[in-house]
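Undergrad: This is the structure, below, for whatever I ask next.
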Amino acid sequence: MDVLLLAGTRPEAIKIAPVALAIAERSRLRALIIHSGQHHDVVEQALRPFGRSPDERLTVRRTNGGQAELLAALLPELDRVLSRTRPVAMVVQGDTSTALAGALAAFWRSVPVVHLEAGLRTGNLAAPFPEEGNRQLISRITTLHLAPTQAAADALRAESLPCPEIVVTGNTVVDAARLIAKLDRPAHDPRLAALEAELDRERARLVLVTAHRRESWGAPLDRILAAVGRIADEHPDVRVVLPAHPNPAVRAQVCRALGRHPRVLVTDPLDYPDLIRVLRRCALVLTDSGGLQEEAPGFVVPVLVLRDTTERREAVDAGQAWLVGSDPERIVRHARRLLADRPHWPADDNPFGDGKAAVRVADALESLLGSSM
């Protein structure tokens with residue numbers, strides 16, 4: 001019985017990979033990974049460390065990069081896949097345009113929609129945009145909601161959904177991070193390998209910075225980069241790794257601000273094993289990424305969230321993350337405090353999961369589909 005796992009972005013691929021592995025252990029289910037083509041090549045790159053690759057990649061031509069163009073291209077392609085494979089369920093992850101298109105196409109074919117990482121909410125349709133709208137829309141046509149936390153499940157129950165089947169699984173990115181950390185592969189990026197040698201030689205500390213959301217581009221990113229420069233200036237024993245967004249304008253903005261700083265390493269986006277390798281060595285993370293907010297607590301790394309709001313309040317409430325927005329003074333003040341007195345908590349005290357989310361997802365799928373097995 002085929003279950004389609006849809007991914008079009010790197011985070012989606014990373015979060016479905018443990019689910020594909022868990023389903024592979026079930027003789028009654030078969031996972032087919034469908035690459036929507038939303039982002040070229042990154043899905044293959046993200047799946048490779050897990051020993052998986054897409055079973056099918058859609059052909060999506062894009063000229064203007066707009067959401068309407070992408071959705072219009074994806075829907076007929078997905079409909080053809082659904083018609084041909086006749087799956088028992090379509091699993092969509094998170095809140096991307098790929099997830100929305102997959103949910104719509106499956107709903108129109110009367111294929112059960114299973115929403116992985118369901119229930120994240122800010123309540124503000126403009127932040128994040130368009131993700132908040134996408135995930136609320138998906139929830140209205142979902143058959144099985146796989147909530148990463150109890151708070152996400154509570155948010156769903158408060159919405160009086162047409163299909164109220166909700167299972168709290170934990171977040172599969174915790175499973176993914178643990179799997180990759182256990183492999184402990186050497187650094188793939190040679191500049192990262194050289195930096196590791198420098199950290200060992202000089203007993204220096206590492207800070208990871210990522211800022212990729214559209215709401216961070218422009219003036220907010222200028223303020224964030226200024227704060228990062230001040231942090232590096234104030235702490236000679238700190239080295240900063242900053243994987244730059246591939247957008248040419250954003251990368252140019254990063255390079256103008258910090259490309260020549262002697263203690264800041266601006267890189268291309270790191271592959272997942274290298275990212276986890278960096279995260280394991282970090283003293284501090286500054287990020288607007290949802291994935292890093294979920295992964296860092298498992299490695300006992302405090303996080304400064306470069307946003308004014310977050311749909312991942314659990315780490316903030318647990319004293320493992322702090323909302324600082326793009327205000328340079330707040331960023332520098334909190335970084336100064338955390339670098340002077342780093343908090344500690346048990347390594348297995350991650351509010352986003354215990355590393356067994358994928359097994360719970362597979363169990364929930366079997367329970368949902370049990371009547372047809």
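Residue names in the structure tokens use chain letters A, B, ... in the order shown, residue numbers from 1 in each chain, and ligand numbers from 1 in the order shown.
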Which residues of range 177-279 of chain A come within 12 Å of range 5-11 of chain A, and what is each one's closest atom pair and distance in Å (one decimal), counting only C-alpha atoms, sorted by chain and residue number, as CSV?
TA:
residue,atom,partner,partner_atom,distance
A:Ala177,CA,A:Pro11,CA,11.8
A:Pro269,CA,A:Arg10,CA,10.6
A:Leu270,CA,A:Arg10,CA,11.0
A:Asp271,CA,A:Arg10,CA,9.5
A:Tyr272,CA,A:Arg10,CA,9.0
Undergrad: Set the distance at 10 Å and use only C-alpha atoms: which residues neighbour Ala219 in chain A once local chain neighbours fewer than 5 positions away are removed? I'd like the list as an NGL selection string.
TA: :A and (224-225 or 326)
Undergrad: Generate the output file for the selected residues, N, CA and C atoms, as an mmCIF file, in the first residue's frame.
TA:
data_model
loop_
_atom_site.group_PDB
_atom_site.id
_atom_site.type_symbol
_atom_site.label_atom_id
_atom_site.label_comp_id
_atom_site.auth_asym_id
_atom_site.auth_seq_id
_atom_site.Cartn_x
_atom_site.Cartn_y
_atom_site.Cartn_z
ATOM 1 N N ILE A 224 20.623 42.706 11.683
ATOM 2 C CA ILE A 224 21.125 41.434 12.209
ATOM 3 C C ILE A 224 22.620 41.309 11.948
ATOM 4 N N LEU A 225 23.047 41.632 10.730
ATOM 5 C CA LEU A 225 24.456 41.513 10.371
ATOM 6 C C LEU A 225 25.315 42.480 11.182
ATOM 7 N N SER A 326 15.088 41.640 15.221
ATOM 8 C CA SER A 326 16.256 42.124 14.475
ATOM 9 C C SER A 326 16.871 43.354 15.131
#
Undergrad: If you count only C-alpha atoms, which residues fall within 9 Å of Leu75 in chain A, apart from same-chain ones fewer than 2 positions away, as an mmCIF file with N, CA, C and O atoms, in the first residue's frame?
TA:
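So the final result, stored in around.cif, reads:
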data_model
loop_
_atom_site.group_PDB
_atom_site.id
_atom_site.type_symbol
_atom_site.label_atom_id
_atom_site.label_comp_id
_atom_site.auth_asym_id
_atom_site.auth_seq_id
_atom_site.Cartn_x
_atom_site.Cartn_y
_atom_site.Cartn_z
ATOM 1 N N LEU A 70 3.981 28.673 -9.370
ATOM 2 C CA LEU A 70 4.400 27.376 -8.829
ATOM 3 C C LEU A 70 3.192 26.485 -8.575
ATOM 4 O O LEU A 70 3.180 25.307 -8.949
ATOM 5 N N LEU A 71 2.177 27.032 -7.917
ATOM 6 C CA LEU A 71 0.996 26.233 -7.596
ATOM 7 C C LEU A 71 0.291 25.765 -8.874
ATOM 8 O O LEU A 71 -0.145 24.608 -8.973
ATOM 9 N N ALA A 72 0.204 26.653 -9.847
ATOM 10 C CA ALA A 72 -0.461 26.298 -11.105
ATOM 11 C C ALA A 72 0.292 25.191 -11.835
ATOM 12 O O ALA A 72 -0.322 24.361 -12.514
ATOM 13 N N ALA A 73 1.616 25.156 -11.695
ATOM 14 C CA ALA A 73 2.410 24.116 -12.341
ATOM 15 C C ALA A 73 2.348 22.801 -11.575
ATOM 16 O O ALA A 73 2.330 21.717 -12.178
ATOM 17 N N GLU A 77 0.580 18.254 -12.257
ATOM 18 C CA GLU A 77 1.614 17.231 -12.136
ATOM 19 C C GLU A 77 1.292 16.281 -10.983
ATOM 20 O O GLU A 77 1.400 15.056 -11.107
ATOM 21 N N LEU A 78 0.900 16.832 -9.868
ATOM 22 C CA LEU A 78 0.553 16.004 -8.715
ATOM 23 C C LEU A 78 -0.695 15.178 -8.991
ATOM 24 O O LEU A 78 -0.791 14.023 -8.556
ATOM 25 N N ASP A 79 -1.645 15.763 -9.700
ATOM 26 C CA ASP A 79 -2.854 15.019 -10.026
ATOM 27 C C ASP A 79 -2.529 13.789 -10.874
ATOM 28 O O ASP A 79 -3.104 12.709 -10.678
ATOM 29 N N ARG A 80 -1.599 13.937 -11.809
ATOM 30 C CA ARG A 80 -1.207 12.798 -12.640
ATOM 31 C C ARG A 80 -0.543 11.709 -11.799
ATOM 32 O O ARG A 80 -0.782 10.517 -12.011
ATOM 33 N N ALA A 101 -0.045 22.553 -2.288
ATOM 34 C CA ALA A 101 -0.434 21.941 -3.559
ATOM 35 C C ALA A 101 -0.712 20.455 -3.385
ATOM 36 O O ALA A 101 -1.689 19.921 -3.931
ATOM 37 N N GLY A 102 0.133 19.766 -2.610
ATOM 38 C CA GLY A 102 -0.074 18.344 -2.379
ATOM 39 C C GLY A 102 -1.370 18.059 -1.653
ATOM 40 O O GLY A 102 -2.099 17.110 -1.989
ATOM 41 N N LEU A 104 -4.108 19.971 -1.621
ATOM 42 C CA LEU A 104 -5.231 20.251 -2.517
ATOM 43 C C LEU A 104 -5.424 19.137 -3.541
ATOM 44 O O LEU A 104 -6.546 18.654 -3.751
ATOM 45 N N ALA A 105 -4.322 18.705 -4.174
ATOM 46 C CA ALA A 105 -4.421 17.666 -5.200
ATOM 47 C C ALA A 105 -4.971 16.374 -4.616
ATOM 48 O O ALA A 105 -5.817 15.705 -5.220
#
Undergrad: Looking only at the backbone, which of the residues in range 54-260 of chain A does DSSP tag as alpha helix (DSSP H), as a PyMOL selection string?
TA: chain A and resi 67-85+97-108+131-140+150-157+172-183+190-202+219-234+248-258
Undergrad: Between A:Ala318, A:Val240, A:Val174, A:Ala252, which has the minimum distance to Leu265 in chain A (counting only C-alpha atoms)?
TA: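 Among the listed residues, A:Val240 lies closest to Leu265 in chain A.
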Undergrad: When you look at Glu131 in chain A with a cut-off of 8 Å (counting only C-alpha atoms), what residues show up, excluding the ones that are within fewer than 5 positions of it in the same chain? I need them as a PDB file with N, CA, C and O atoms, in the first residue's frame.
TA:
ATOM      1  N   ASP A  95       4.459  23.831   5.752  1.00  0.00           N
ATOM      2  CA  ASP A  95       3.641  24.960   5.318  1.00  0.00           C
ATOM      3  C   ASP A  95       4.129  25.615   4.026  1.00  0.00           C
ATOM      4  O   ASP A  95       3.898  26.790   3.792  1.00  0.00           O
ATOM      5  N   THR A  96       4.805  24.845   3.175  1.00  0.00           N
ATOM      6  CA  THR A  96       5.300  25.406   1.929  1.00  0.00           C
ATOM      7  C   THR A  96       4.232  25.378   0.847  1.00  0.00           C
ATOM      8  O   THR A  96       3.163  24.784   1.012  1.00  0.00           O
ATOM      9  N   LEU A 125      -1.396  36.186   9.865  1.00  0.00           N
ATOM     10  CA  LEU A 125      -1.248  35.733   8.486  1.00  0.00           C
ATOM     11  C   LEU A 125      -0.089  36.411   7.770  1.00  0.00           C
ATOM     12  O   LEU A 125       0.366  35.929   6.724  1.00  0.00           O
TER      13      LEU A 125
END
Undergrad: Taking 3 positions as the minimum chain separation for residues in the same chain, which residues sit within 6 Å of range 357-359 of chain A when counting only C-alpha atoms? Answer as number ranges by chain.
TA: A: 18-19, 22, 169-172, 362
Undergrad: Rounded to one decimal in Å, what is the spacing between CA of Arg337 in chain A and CA of Ile231 in chain A?
TA: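 Separating CA of Arg337 in chain A from CA of Ile231 in chain A is a distance of 11.1 Å.
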Undergrad: As a VMD selection string, please: the residues near Ile331 in chain A (cut-off 12 Å, only C-alpha atoms, same-chain neighbours under 4 positions excluded).
TA: chain A and resid 209 223 to 231 284 to 287 303 to 308 322 to 327 335 to 339
Undergrad: Write out as number ranges by chain each polymer residue whose atoms come within 10 Å of Asp222 in chain A, counting only C-alpha atoms; drop sequence neighbours fewer than 6 positions from it.
TA: A: 216, 228, 253-254, 256-257, 326, 328
Undergrad: Go through A:Ala89, A:Ala232, A:Val173, A:Ile180 one by one, measure the shortest atom-to-atom distance of each to Thr143 in chain A using only C-alpha atoms, and give the residue with the smallest value.
TA: A:Ala89
Undergrad: If DSSP is run on the backbone, what residues of range 124-362 of chain A are strand (DSSP E or B)? A reply as a ChimeraX atom specification would be ideal.
TA: /A:144-147,166-168,205-210,238-243,264-267,282-287,303-305,321-323
Undergrad: Counting only C-alpha atoms, give me one row per residue of range 82-193 of chain A with an atom at most 10 Å from an atom of range 38-49 of chain A, showing the shortest contact pair and its distance in Å to one decimal, sorted by chain then residue number, as CSV.
TA:
residue,atom,partner,partner_atom,distance
A:Thr96,CA,A:Gln38,CA,9.4
A:Ser97,CA,A:Gln38,CA,8.2
A:Thr98,CA,A:Gln38,CA,6.8
A:Ala176,CA,A:Pro49,CA,10.0
A:Leu179,CA,A:Pro49,CA,9.4
A:Ile180,CA,A:Pro49,CA,7.5
A:Leu183,CA,A:Pro49,CA,9.2
A:Arg185,CA,A:Pro49,CA,9.7
Undergrad: Those same residues - all heavy atoms - I'd like them written as a PDB file, in the first residue's frame.
TA:
ATOM      1  N   THR A  96       4.805  24.845   3.175  1.00  0.00           N
ATOM      2  CA  THR A  96       5.300  25.406   1.929  1.00  0.00           C
ATOM      3  C   THR A  96       4.232  25.378   0.847  1.00  0.00           C
ATOM      4  O   THR A  96       3.163  24.784   1.012  1.00  0.00           O
ATOM      5  CB  THR A  96       6.517  24.619   1.427  1.00  0.00           C
ATOM      6  OG1 THR A  96       6.079  23.297   1.063  1.00  0.00           O
ATOM      7  CG2 THR A  96       7.605  24.526   2.486  1.00  0.00           C
ATOM      8  N   SER A  97       4.559  25.972  -0.290  1.00  0.00           N
ATOM      9  CA  SER A  97       3.654  25.888  -1.442  1.00  0.00           C
ATOM     10  C   SER A  97       3.525  24.449  -1.914  1.00  0.00           C
ATOM     11  O   SER A  97       2.453  24.039  -2.375  1.00  0.00           O
ATOM     12  CB  SER A  97       4.175  26.771  -2.583  1.00  0.00           C
ATOM     13  OG  SER A  97       4.171  28.127  -2.196  1.00  0.00           O
ATOM     14  N   THR A  98       4.604  23.663  -1.817  1.00  0.00           N
ATOM     15  CA  THR A  98       4.539  22.242  -2.160  1.00  0.00           C
ATOM     16  C   THR A  98       3.522  21.534  -1.276  1.00  0.00           C
ATOM     17  O   THR A  98       2.704  20.736  -1.756  1.00  0.00           O
ATOM     18  CB  THR A  98       5.923  21.590  -1.997  1.00  0.00           C
ATOM     19  OG1 THR A  98       6.757  21.984  -3.095  1.00  0.00           O
ATOM     20  CG2 THR A  98       5.834  20.071  -1.978  1.00  0.00           C
ATOM     21  N   ALA A 176      15.890  13.081  12.733  1.00  0.00           N
ATOM     22  CA  ALA A 176      16.876  13.282  11.671  1.00  0.00           C
ATOM     23  C   ALA A 176      18.211  13.747  12.233  1.00  0.00           C
ATOM     24  O   ALA A 176      19.271  13.230  11.856  1.00  0.00           O
ATOM     25  CB  ALA A 176      16.346  14.293  10.656  1.00  0.00           C
ATOM     26  N   LEU A 179      19.990  10.888  13.995  1.00  0.00           N
ATOM     27  CA  LEU A 179      20.520   9.910  13.048  1.00  0.00           C
ATOM     28  C   LEU A 179      21.825  10.401  12.419  1.00  0.00           C
ATOM     29  O   LEU A 179      22.807   9.650  12.323  1.00  0.00           O
ATOM     30  CB  LEU A 179      19.491   9.636  11.950  1.00  0.00           C
ATOM     31  CG  LEU A 179      18.292   8.767  12.324  1.00  0.00           C
ATOM     32  CD1 LEU A 179      17.230   8.841  11.223  1.00  0.00           C
ATOM     33  CD2 LEU A 179      18.720   7.325  12.551  1.00  0.00           C
ATOM     34  N   ILE A 180      21.854  11.650  12.002  1.00  0.00           N
ATOM     35  CA  ILE A 180      23.042  12.198  11.352  1.00  0.00           C
ATOM     36  C   ILE A 180      24.176  12.383  12.350  1.00  0.00           C
ATOM     37  O   ILE A 180      25.349  12.107  12.042  1.00  0.00           O
ATOM     38  CB  ILE A 180      22.701  13.524  10.656  1.00  0.00           C
ATOM     39  CG1 ILE A 180      21.696  13.281   9.531  1.00  0.00           C
ATOM     40  CG2 ILE A 180      23.951  14.191  10.116  1.00  0.00           C
ATOM     41  CD1 ILE A 180      22.137  12.289   8.474  1.00  0.00           C
ATOM     42  N   LEU A 183      26.075   9.223  12.911  1.00  0.00           N
ATOM     43  CA  LEU A 183      26.999   8.844  11.835  1.00  0.00           C
ATOM     44  C   LEU A 183      28.357   9.524  11.992  1.00  0.00           C
ATOM     45  O   LEU A 183      29.386   8.962  11.605  1.00  0.00           O
ATOM     46  CB  LEU A 183      26.396   9.212  10.479  1.00  0.00           C
ATOM     47  CG  LEU A 183      25.126   8.459  10.069  1.00  0.00           C
ATOM     48  CD1 LEU A 183      24.591   9.019   8.750  1.00  0.00           C
ATOM     49  CD2 LEU A 183      25.400   6.963   9.934  1.00  0.00           C
ATOM     50  N   ARG A 185      30.030  11.962  10.497  1.00  0.00           N
ATOM     51  CA  ARG A 185      30.854  12.025   9.300  1.00  0.00           C
ATOM     52  C   ARG A 185      31.775  13.245   9.338  1.00  0.00           C
ATOM     53  O   ARG A 185      31.403  14.288   9.878  1.00  0.00           O
ATOM     54  CB  ARG A 185      29.963  12.074   8.064  1.00  0.00           C
ATOM     55  CG  ARG A 185      29.203  10.775   7.836  1.00  0.00           C
ATOM     56  CD  ARG A 185      28.238  10.880   6.691  1.00  0.00           C
ATOM     57  NE  ARG A 185      27.605   9.586   6.417  1.00  0.00           N
ATOM     58  CZ  ARG A 185      26.525   9.427   5.681  1.00  0.00           C
ATOM     59  NH1 ARG A 185      25.946  10.481   5.135  1.00  0.00           N
ATOM     60  NH2 ARG A 185      26.023   8.221   5.481  1.00  0.00           N
TER      61      ARG A 185
END
Undergrad: Which is closest to Pro186 in chain A among A:Arg157, A:His145, A:Arg251, A:Arg277, if we use only C-alpha atoms?
TA: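 So, comparing all the options, the nearest one is A:Arg277.
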Undergrad: So the first atom is CA of Arg281 in chain A and the second is CA of Phe50 in chain A; what is the distance between them in Å, to one decimal place?
TA: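 CA of Phe50 in chain A lies 21.6 Å from CA of Arg281 in chain A.
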